[in-house]
There are 6 protein chains.
Amino acid sequence: MEHAVRSFLAEDIGYGDITTNALIDSKQEAEGRVVCQESAIVAGIEEALFLLELTGCQGTAKARDGERVKAGTMILSALGPARALLGVERTLLNLLAHMSGVATATVDLVSIANRESQGKVRIACTRKTLPGLRYFEKRAVNLGGGDMHRLRLDDAVLIKDNHLELAGSVGECVRKAKEKVSFTKKVEVEVTNADQAVEAAKAGADIILLDNMTPKEVERSVAMLKTENLRDQVLLEASGGIRKENLASYVKTGVDVISVGAITHSAPAIDLSMEIHSSRKRG
Amino acid sequence: MEHAVRSFLAEDIGYGDITTNALIDSKQEAEGRVVCQESAIVAGIEEALFLLELTGCQGTAKARDGERVKAGTMILSALGPARALLGVERTLLNLLAHMSGVATATVDLVSIANRESQGKVRIACTRKTLPGLRYFEKRAVNLGGGDMHRLRLDDAVLIKDNHLELAGSVGECVRKAKEKVSFTKKVEVEVTNADQAVEAAKAGADIILLDNMTPKEVERSVAMLKTENLRDQVLLEASGGIRKENLASYVKTGVDVISVGAITHSAPAIDLSMEIHSSRKRG
Amino acid sequence: MEHAVRSFLAEDIGYGDITTNALIDSKQEAEGRVVCQESAIVAGIEEALFLLELTGCQGTAKARDGERVKAGTMILSALGPARALLGVERTLLNLLAHMSGVATATVDLVSIANRESQGKVRIACTRKTLPGLRYFEKRAVNLGGGDMHRLRLDDAVLIKDNHLELAGSVGECVRKAKEKVSFTKKVEVEVTNADQAVEAAKAGADIILLDNMTPKEVERSVAMLKTENLRDQVLLEASGGIRKENLASYVKTGVDVISVGAITHSAPAIDLSMEIHSSRKRG
Amino acid sequence: MEHAVRSFLAEDIGYGDITTNALIDSKQEAEGRVVCQESAIVAGIEEALFLLELTGCQGTAKARDGERVKAGTMILSALGPARALLGVERTLLNLLAHMSGVATATVDLVSIANRESQGKVRIACTRKTLPGLRYFEKRAVNLGGGDMHRLRLDDAVLIKDNHLELAGSVGECVRKAKEKVSFTKKVEVEVTNADQAVEAAKAGADIILLDNMTPKEVERSVAMLKTENLRDQVLLEASGGIRKENLASYVKTGVDVISVGAITHSAPAIDLSMEIHSSRKRG
Amino acid sequence: MEHAVRSFLAEDIGYGDITTNALIDSKQEAEGRVVCQESAIVAGIEEALFLLELTGCQGTAKARDGERVKAGTMILSALGPARALLGVERTLLNLLAHMSGVATATVDLVSIANRESQGKVRIACTRKTLPGLRYFEKRAVNLGGGDMHRLRLDDAVLIKDNHLELAGSVGECVRKAKEKVSFTKKVEVEVTNADQAVEAAKAGADIILLDNMTPKEVERSVAMLKTENLRDQVLLEASGGIRKENLASYVKTGVDVISVGAITHSAPAIDLSMEIHSSRKRG
Amino acid sequence: MEHAVRSFLAEDIGYGDITTNALIDSKQEAEGRVVCQESAIVAGIEEALFLLELTGCQGTAKARDGERVKAGTMILSALGPARALLGVERTLLNLLAHMSGVATATVDLVSIANRESQGKVRIACTRKTLPGLRYFEKRAVNLGGGDMHRLRLDDAVLIKDNHLELAGSVGECVRKAKEKVSFTKKVEVEVTNADQAVEAAKAGADIILLDNMTPKEVERSVAMLKTENLRDQVLLEASGGIRKENLASYVKTGVDVISVGAITHSAPAIDLSMEIHSSRKRG
């Protein structure tokens, strides 16, 4: 995390903030206040505090990561050299605004899922994250109450359509993966109909991803697994085309997890600003 | 660029794609086709080709960066080891989908500006970019016909509200910046009313940013600068609260540039997918 | 992998091979042959070929990664500038010798396990790997037929004695982990007696690590889990104090996996050498 | 050193210790004690303290680097956040265990050499080190009383069999190297018989490496150099096939240095463990 | 800056200062004094303090960056472990000596320019900086009162002879650049005669670089721009073959800026030394 | 080397060459010719060819590294995309100009030394190199016929005045270093008078650095060592205050090596330029 955050700062500063260096005395001290301009779930406070520390400022969290705040809430204050505050301002706001955007989009779905399932159905993100930001987006999803799903290609098996196209049937692929991959990894497989779901469960899949099905088709798959007495042996995940508007109908199907790429790749930024005021000059 | 793209790939792959390694023979060759599922401006083809080259695949562009494509268009094809294609798939799609999202959001505004101003008013992005992605987002804005504005804190002066709060009046700050900063850099200043705009122009500002004004207030500032015979000496940029819905009214005010943060920080991803088919085995 | 291999080379070369630069003409071409001086499982050929490519040489594998070779077998040949071959020689041999050492140590245990269990019991390594070499050692274990176990702290849950000391009972910890961690991750817990094993299984652990038990105690744990009808719901791993000499007695206990740290942290290097002969001068 | 140690930590942690994060409160403080489970020379305390500092813990050395400790000795204690201690535990132990293994293997040989030569014969390591660990292994050898030999290919000349094969006779190569290489570097040459040793000394070699000779052959080389009145002008190093069992016979031959690759590339890890106990919660 | 400074240190230290480690106790404390042996403008104090901090020493500036000091002046003192002071000495002196050399060379020209133009003409450096040292040399120029000019290829447009050769006339190139490049960037063009200068100004160039002209030709260009009423719309920079000896004649031509590559690429180092004395041993 | 060269390029290019991108078509091909504008020793051709390769151009050496060329000589030609040539031009010239400057300054001294000593006295550089450029400057010295001396603090012992101040007499320090440092390293000590030189030789120093002495004092030291029959056991290096003007008088003193910091830290750049012409458009 620290390495990435340093590079975010370097990306914005270059050789230096020429505006600030021209206008502000190097001994001028100042106070900055980060205000959230809309109702949101805050995420990225920890990263923001690290950014402030990196630049020689002292930050104080006024809201916790994962907390819901109202429009107009001060969520962070900072003391330090005015030059440092002005130099870190944009990077800090960009990271906080994006992470809070992801957390807020996550909570929107999580609360629907909780309401409709009494807390039984999890909302998960996917690997559809913005390049270079996976750690930060996964963490924001988590702060919003979502499940982080796979972190990368090496921490769980997920057999997708392209694998099936190249490597054989659902059953064959699941069996082969279980044999070849470490016993510490779960094996998940993507299916597109109820028969494949049954085939996957019989082959020993740990998780079955019901991909791009209608709620009806999902329900049918759940039912067929129950009939075959296989429902309890697997976790069921639904994905594909699910959004706020149709989420409830998927939650009611009886799956365990619903995953949505948009909460990471298309979450709108939260509107944040930083006001900086002079405090005193140093020595 | 290359360094960043390599790190995007590493972020997803970790120690290796355990699913693919378990299921696909290392000698299996395949073909991948990237299809754009919605009408969009394509951006990121160059980066995608570099990703394919990095992983030992051969890519062929089927659309140019900056081109408008219809839903269902194949924009890129790739040949190479099936393992490599499966390993690079998600990183490639994530980058293309985001860059295309930014380019598409840009074009949406650029075409309004062109229509309402006969091509005289530019749409620009800001430094409100997602951390680590500035190069890619600026490039996508450019591909969408937008102006890249400042790249970072060292390539132009922009005196903002927080600077004015700490360092003096609009006129004083502009004069100080012009004296201290290299003659190769333009000096821009943010103002909130017409009087400040006049003060800025008199002090020799190259660009004046009319911040958070209504279209009416912007018009009044333009008029006052004309009255004072200062209009031709400065470029005028409007920013703050401008979105697709109210863009036309700002375009008509007579400013030169309109900048919008949302085209980078909140652009929804374009829906892309990659289909992979077996070709033949090697040797 | 590539980044690490480059750094291995830089570590040995520094500003340049002063001996070779003083003695060998830059246009001298040569051929190198890597010979394995003892019976061993070869591992690291892929890395060696990459090292040769990095330094402008052309390598040809004479043995496959994972293959058993007899003493005196040529496993790799290389053509290229004599300076390059002399410069890469030691780094290439150091990596091959260590990886082959790990693979050979693994196979020694895997063949006992296969023999005593008709292929049912897996041998796994642990996170007790040499710093900076985890990827290479895990891969060598895999080439020797072993299971790679956890890659790092984020790809599966393993609740160890120190966690239990700080966070509560086996059952509580397992339940808490299952609730908080992504559904894509398995939950393993370390236990030291049969009662804890039953507690773990009841709490829903996916894997139970029977730590530092005698074969008798392991057998008792297996039996008790069978009695409680829980054996089929969990994978059982034995670890702690297991070595070649007592491996068979653990294999017979009925566990699924036996893990041994020594195959990575204490595997003796395989004796390899490279002979270099002049071929011709370039142009 | 610091850069490498950071990368060792990152290699194990990935996105985070999911087990610990799920089970342990972020405010829980704990104490860790590293205990050495067998008689050993401790090496790596400095690196361990740096690792603890990196993760926000406070370490206290209970043994010095290079000190002999008995089985059961606590060699290091640490205070800090329980999460940090659990996260750093394995990396710290892996590094300490390996470095202590190297130092202990070195001391085993050094004490034989000292006893048989009244401290006149040095034990040296070679460039046969594990990739990426050269600094740490060389330091451990030094802590065990061994000589670090060449650090890499640029700090001394060592003309080996492959150089002689390509570049001419022992005498020619030594003369060429002395002419071309900086006057600040020593010139060493590998020989396989007494005549070559004399040739090397006459050509002005600073050090002669008697390679793969029996103790008898080494003695004969020493004698012949004395006869020719060349013994005092050169340092003599014996290497190849020397191990604990036959070391004494080489020590008695009258050489100055004996080098052994196995103390770095095949040193078994020392058995270490860390026990972590709760201390108190923070504020 | 910090990243570069760390790499400067690593470049000199390698695996460690073997001289110092052999001779100086790790607990020995010492005091170092950096003395400037000739009259100079000091530059690099900030970097030197960072180097001292990096190595665990405490530095105190005895002169300010940009200050003129006499021969024999102590400009910096440092307290810390003797090993650290001896290890950092050369890197610190090398950086300070070069930056001070650049600043001193700059001031030599700036004072002539100020004297001859009553402070109206600026002295600027160019992109002819030593590889890897641009940040440090630009900063030193600035400390010497010079203008930093372009930092790199992305912060301003400068159309040079090679561009004109490939892309068209002065007028065409200026117009194309103004259309394509962000409104936040100035457009400068290199011309070789007065007619081109007028063409450039008419096309809207912000800055005109009068390249390799005699003072007479420069004067003629200035006059012709005045005649055409274009002088006030552009900044004029003279460059090429200008050195201390002929600087005054260029200053008097009426240009705004004179740029000289030699102040960065050929500035002789200032003679600095560090004396180290023992203070006390630690605990 | 490659890593450094890449960073030199990145330092200049930033997000891209905005001038070139605005003016030159991406398909335009061109030819560049690097011409040396003054008599010089060329150094850096190898690095220049690597830079061209990095940017997708094809370079052809027209002069060899280390060759003396007359003013007006074309030393390198290049073919490739016009954008690439324009982007790499300045970095390539900056590196070539500096390395050639160092090589030329070296040859100036080497030819005096050769003439006055019939090739017996070597000219060496020191560790007074520009930060980040040591590899390139050492290589340039070597190409100019100079000795590279120590590369960094770990490849030879050099006991300097500050060590003697802290650690004891010349004799004590030499003996201590020989005991503690690897037998593969030479031990050099800095002395300021003839008595110390004798003391150093008696203690077994390999090299004695006669620091800041007049030619007379150097001669006296040489004579005294001869009287004591110690001259042949040591190499003698003179340093401090030696420059072109007084070099001959030092060469005649009978020392083996003369080292001069100015050939690296203060070598003026050689005047080089690149002319770029259009060739043809691609496809």
# chains A, B, ... in the order shown; residues from 1 in each chain; ligands from 1

call {"tool": "residues_around", "arguments": {"residues": "segment 195-199 of chain A", "least_positions_apart": "6", "cutoff": "10 Å", "atoms": "only C-alpha atoms", "output": "NGL selection string"}}
result
:A and (169-172 or 174 or 189 or 205 or 207-210 or 218 or 220-222 or 224-231 or 234 or 236)

call {"tool": "closest_atom_pairs", "arguments": {"of": "chain E", "to": "chain A", "cutoff": "10 Å", "atoms": "only C-alpha atoms", "output": "JSON lines"}}
result
{"residue": "E:Met1", "atom": "CA", "partner": "A:Tyr15", "partner_atom": "CA", "distance": 8.2}
{"residue": "E:Arg134", "atom": "CA", "partner": "A:Tyr15", "partner_atom": "CA", "distance": 9.6}
{"residue": "E:Tyr135", "atom": "CA", "partner": "A:Tyr15", "partner_atom": "CA", "distance": 6.7}
{"residue": "E:Phe136", "atom": "CA", "partner": "A:Tyr15", "partner_atom": "CA", "distance": 9.8}
{"residue": "E:Lys138", "atom": "CA", "partner": "A:Tyr15", "partner_atom": "CA", "distance": 9.5}
{"residue": "E:Arg139", "atom": "CA", "partner": "A:Tyr15", "partner_atom": "CA", "distance": 9.4}
{"residue": "E:Leu151", "atom": "CA", "partner": "A:Tyr15", "partner_atom": "CA", "distance": 8.0}

call {"tool": "select_by_dssp", "arguments": {"residues": "segment 45-184 of chain F", "states": "strand (DSSP E or B)", "output": "list in words"}}
result
Gln58, Gly59, Thr60, Ala61, Arg68, Val69, Thr73, Met74, Ile75, Leu76, Ser77, Ala78, Leu79, Gly80, Pro81, Arg122, Ile123, Ala124, Asp147, Val157, Leu158 and Ile159 of chain F

call {"tool": "residues_around", "arguments": {"residues": "segment 241-258 of chain A", "least_positions_apart": "4", "cutoff": "12 Å", "atoms": "only C-alpha atoms", "output": "ChimeraX atom specification"}}
result
/A:105-126,146-149,207-223,225-226,231-232,234-237,262-263,266 /B:271 /C:182-184

call {"tool": "residues_around", "arguments": {"residues": "Asp17 of chain F", "least_positions_apart": "5", "cutoff": "12 Å", "atoms": "only C-alpha atoms", "output": "ChimeraX atom specification"}}
result
/E:150-159,163,177,181 /F:9-12,22-24,82-90

call {"tool": "atom_distance", "arguments": {"atom1": "atom CA of Ile75 of chain C", "atom2": "atom CA of Asn142 of chain C"}}
result
19.2 Å

call {"tool": "select_by_dssp", "arguments": {"residues": "segment 3-191 of chain A", "states": "helix (DSSP H, G or I)", "output": "PyMOL selection string"}}
result
chain A and resi 3-13+18-23+45-54+82-117+134-143+161-167+170-180

call {"tool": "residues_around", "arguments": {"residues": "Asp161 of chain D", "least_positions_apart": "6", "cutoff": "9 Å", "atoms": "only C-alpha atoms", "output": "ChimeraX atom specification"}}
result
/C:275-276 /D:189-192

call {"tool": "residues_around", "arguments": {"residues": "segment 25-32 of chain B", "least_positions_apart": "2", "cutoff": "6 Å", "atoms": "only C-alpha atoms", "output": "NGL selection string"}}
result
:B and (77-82 or 275-282)

call {"tool": "write_last_selection", "arguments": {"atoms": "C-alpha atoms", "output": "PDB file, in the first residue's frame"}}
result
ATOM      1  CA  SER B  77      -7.908  -9.541 -31.968  1.00  0.00           C
ATOM      2  CA  ALA B  78      -5.014 -11.475 -30.498  1.00  0.00           C
ATOM      3  CA  LEU B  79      -3.131 -14.676 -31.202  1.00  0.00           C
ATOM      4  CA  GLY B  80      -0.886 -16.438 -28.752  1.00  0.00           C
ATOM      5  CA  PRO B  81      -0.533 -19.107 -26.102  1.00  0.00           C
ATOM      6  CA  ALA B  82      -3.926 -19.803 -24.538  1.00  0.00           C
ATOM      7  CA  GLU B 275     -13.908 -14.447 -26.360  1.00  0.00           C
ATOM      8  CA  ILE B 276     -11.121 -16.979 -26.574  1.00  0.00           C
ATOM      9  CA  HIS B 277     -11.103 -19.894 -28.993  1.00  0.00           C
ATOM     10  CA  SER B 278      -8.617 -22.648 -29.506  1.00  0.00           C
ATOM     11  CA  SER B 279      -6.441 -22.374 -32.583  1.00  0.00           C
ATOM     12  CA  ARG B 280      -3.741 -25.079 -32.724  1.00  0.00           C
ATOM     13  CA  LYS B 281      -1.035 -26.621 -30.554  1.00  0.00           C
ATOM     14  CA  ARG B 282       2.582 -25.616 -30.963  1.00  0.00           C
TER      15      ARG B 282
END
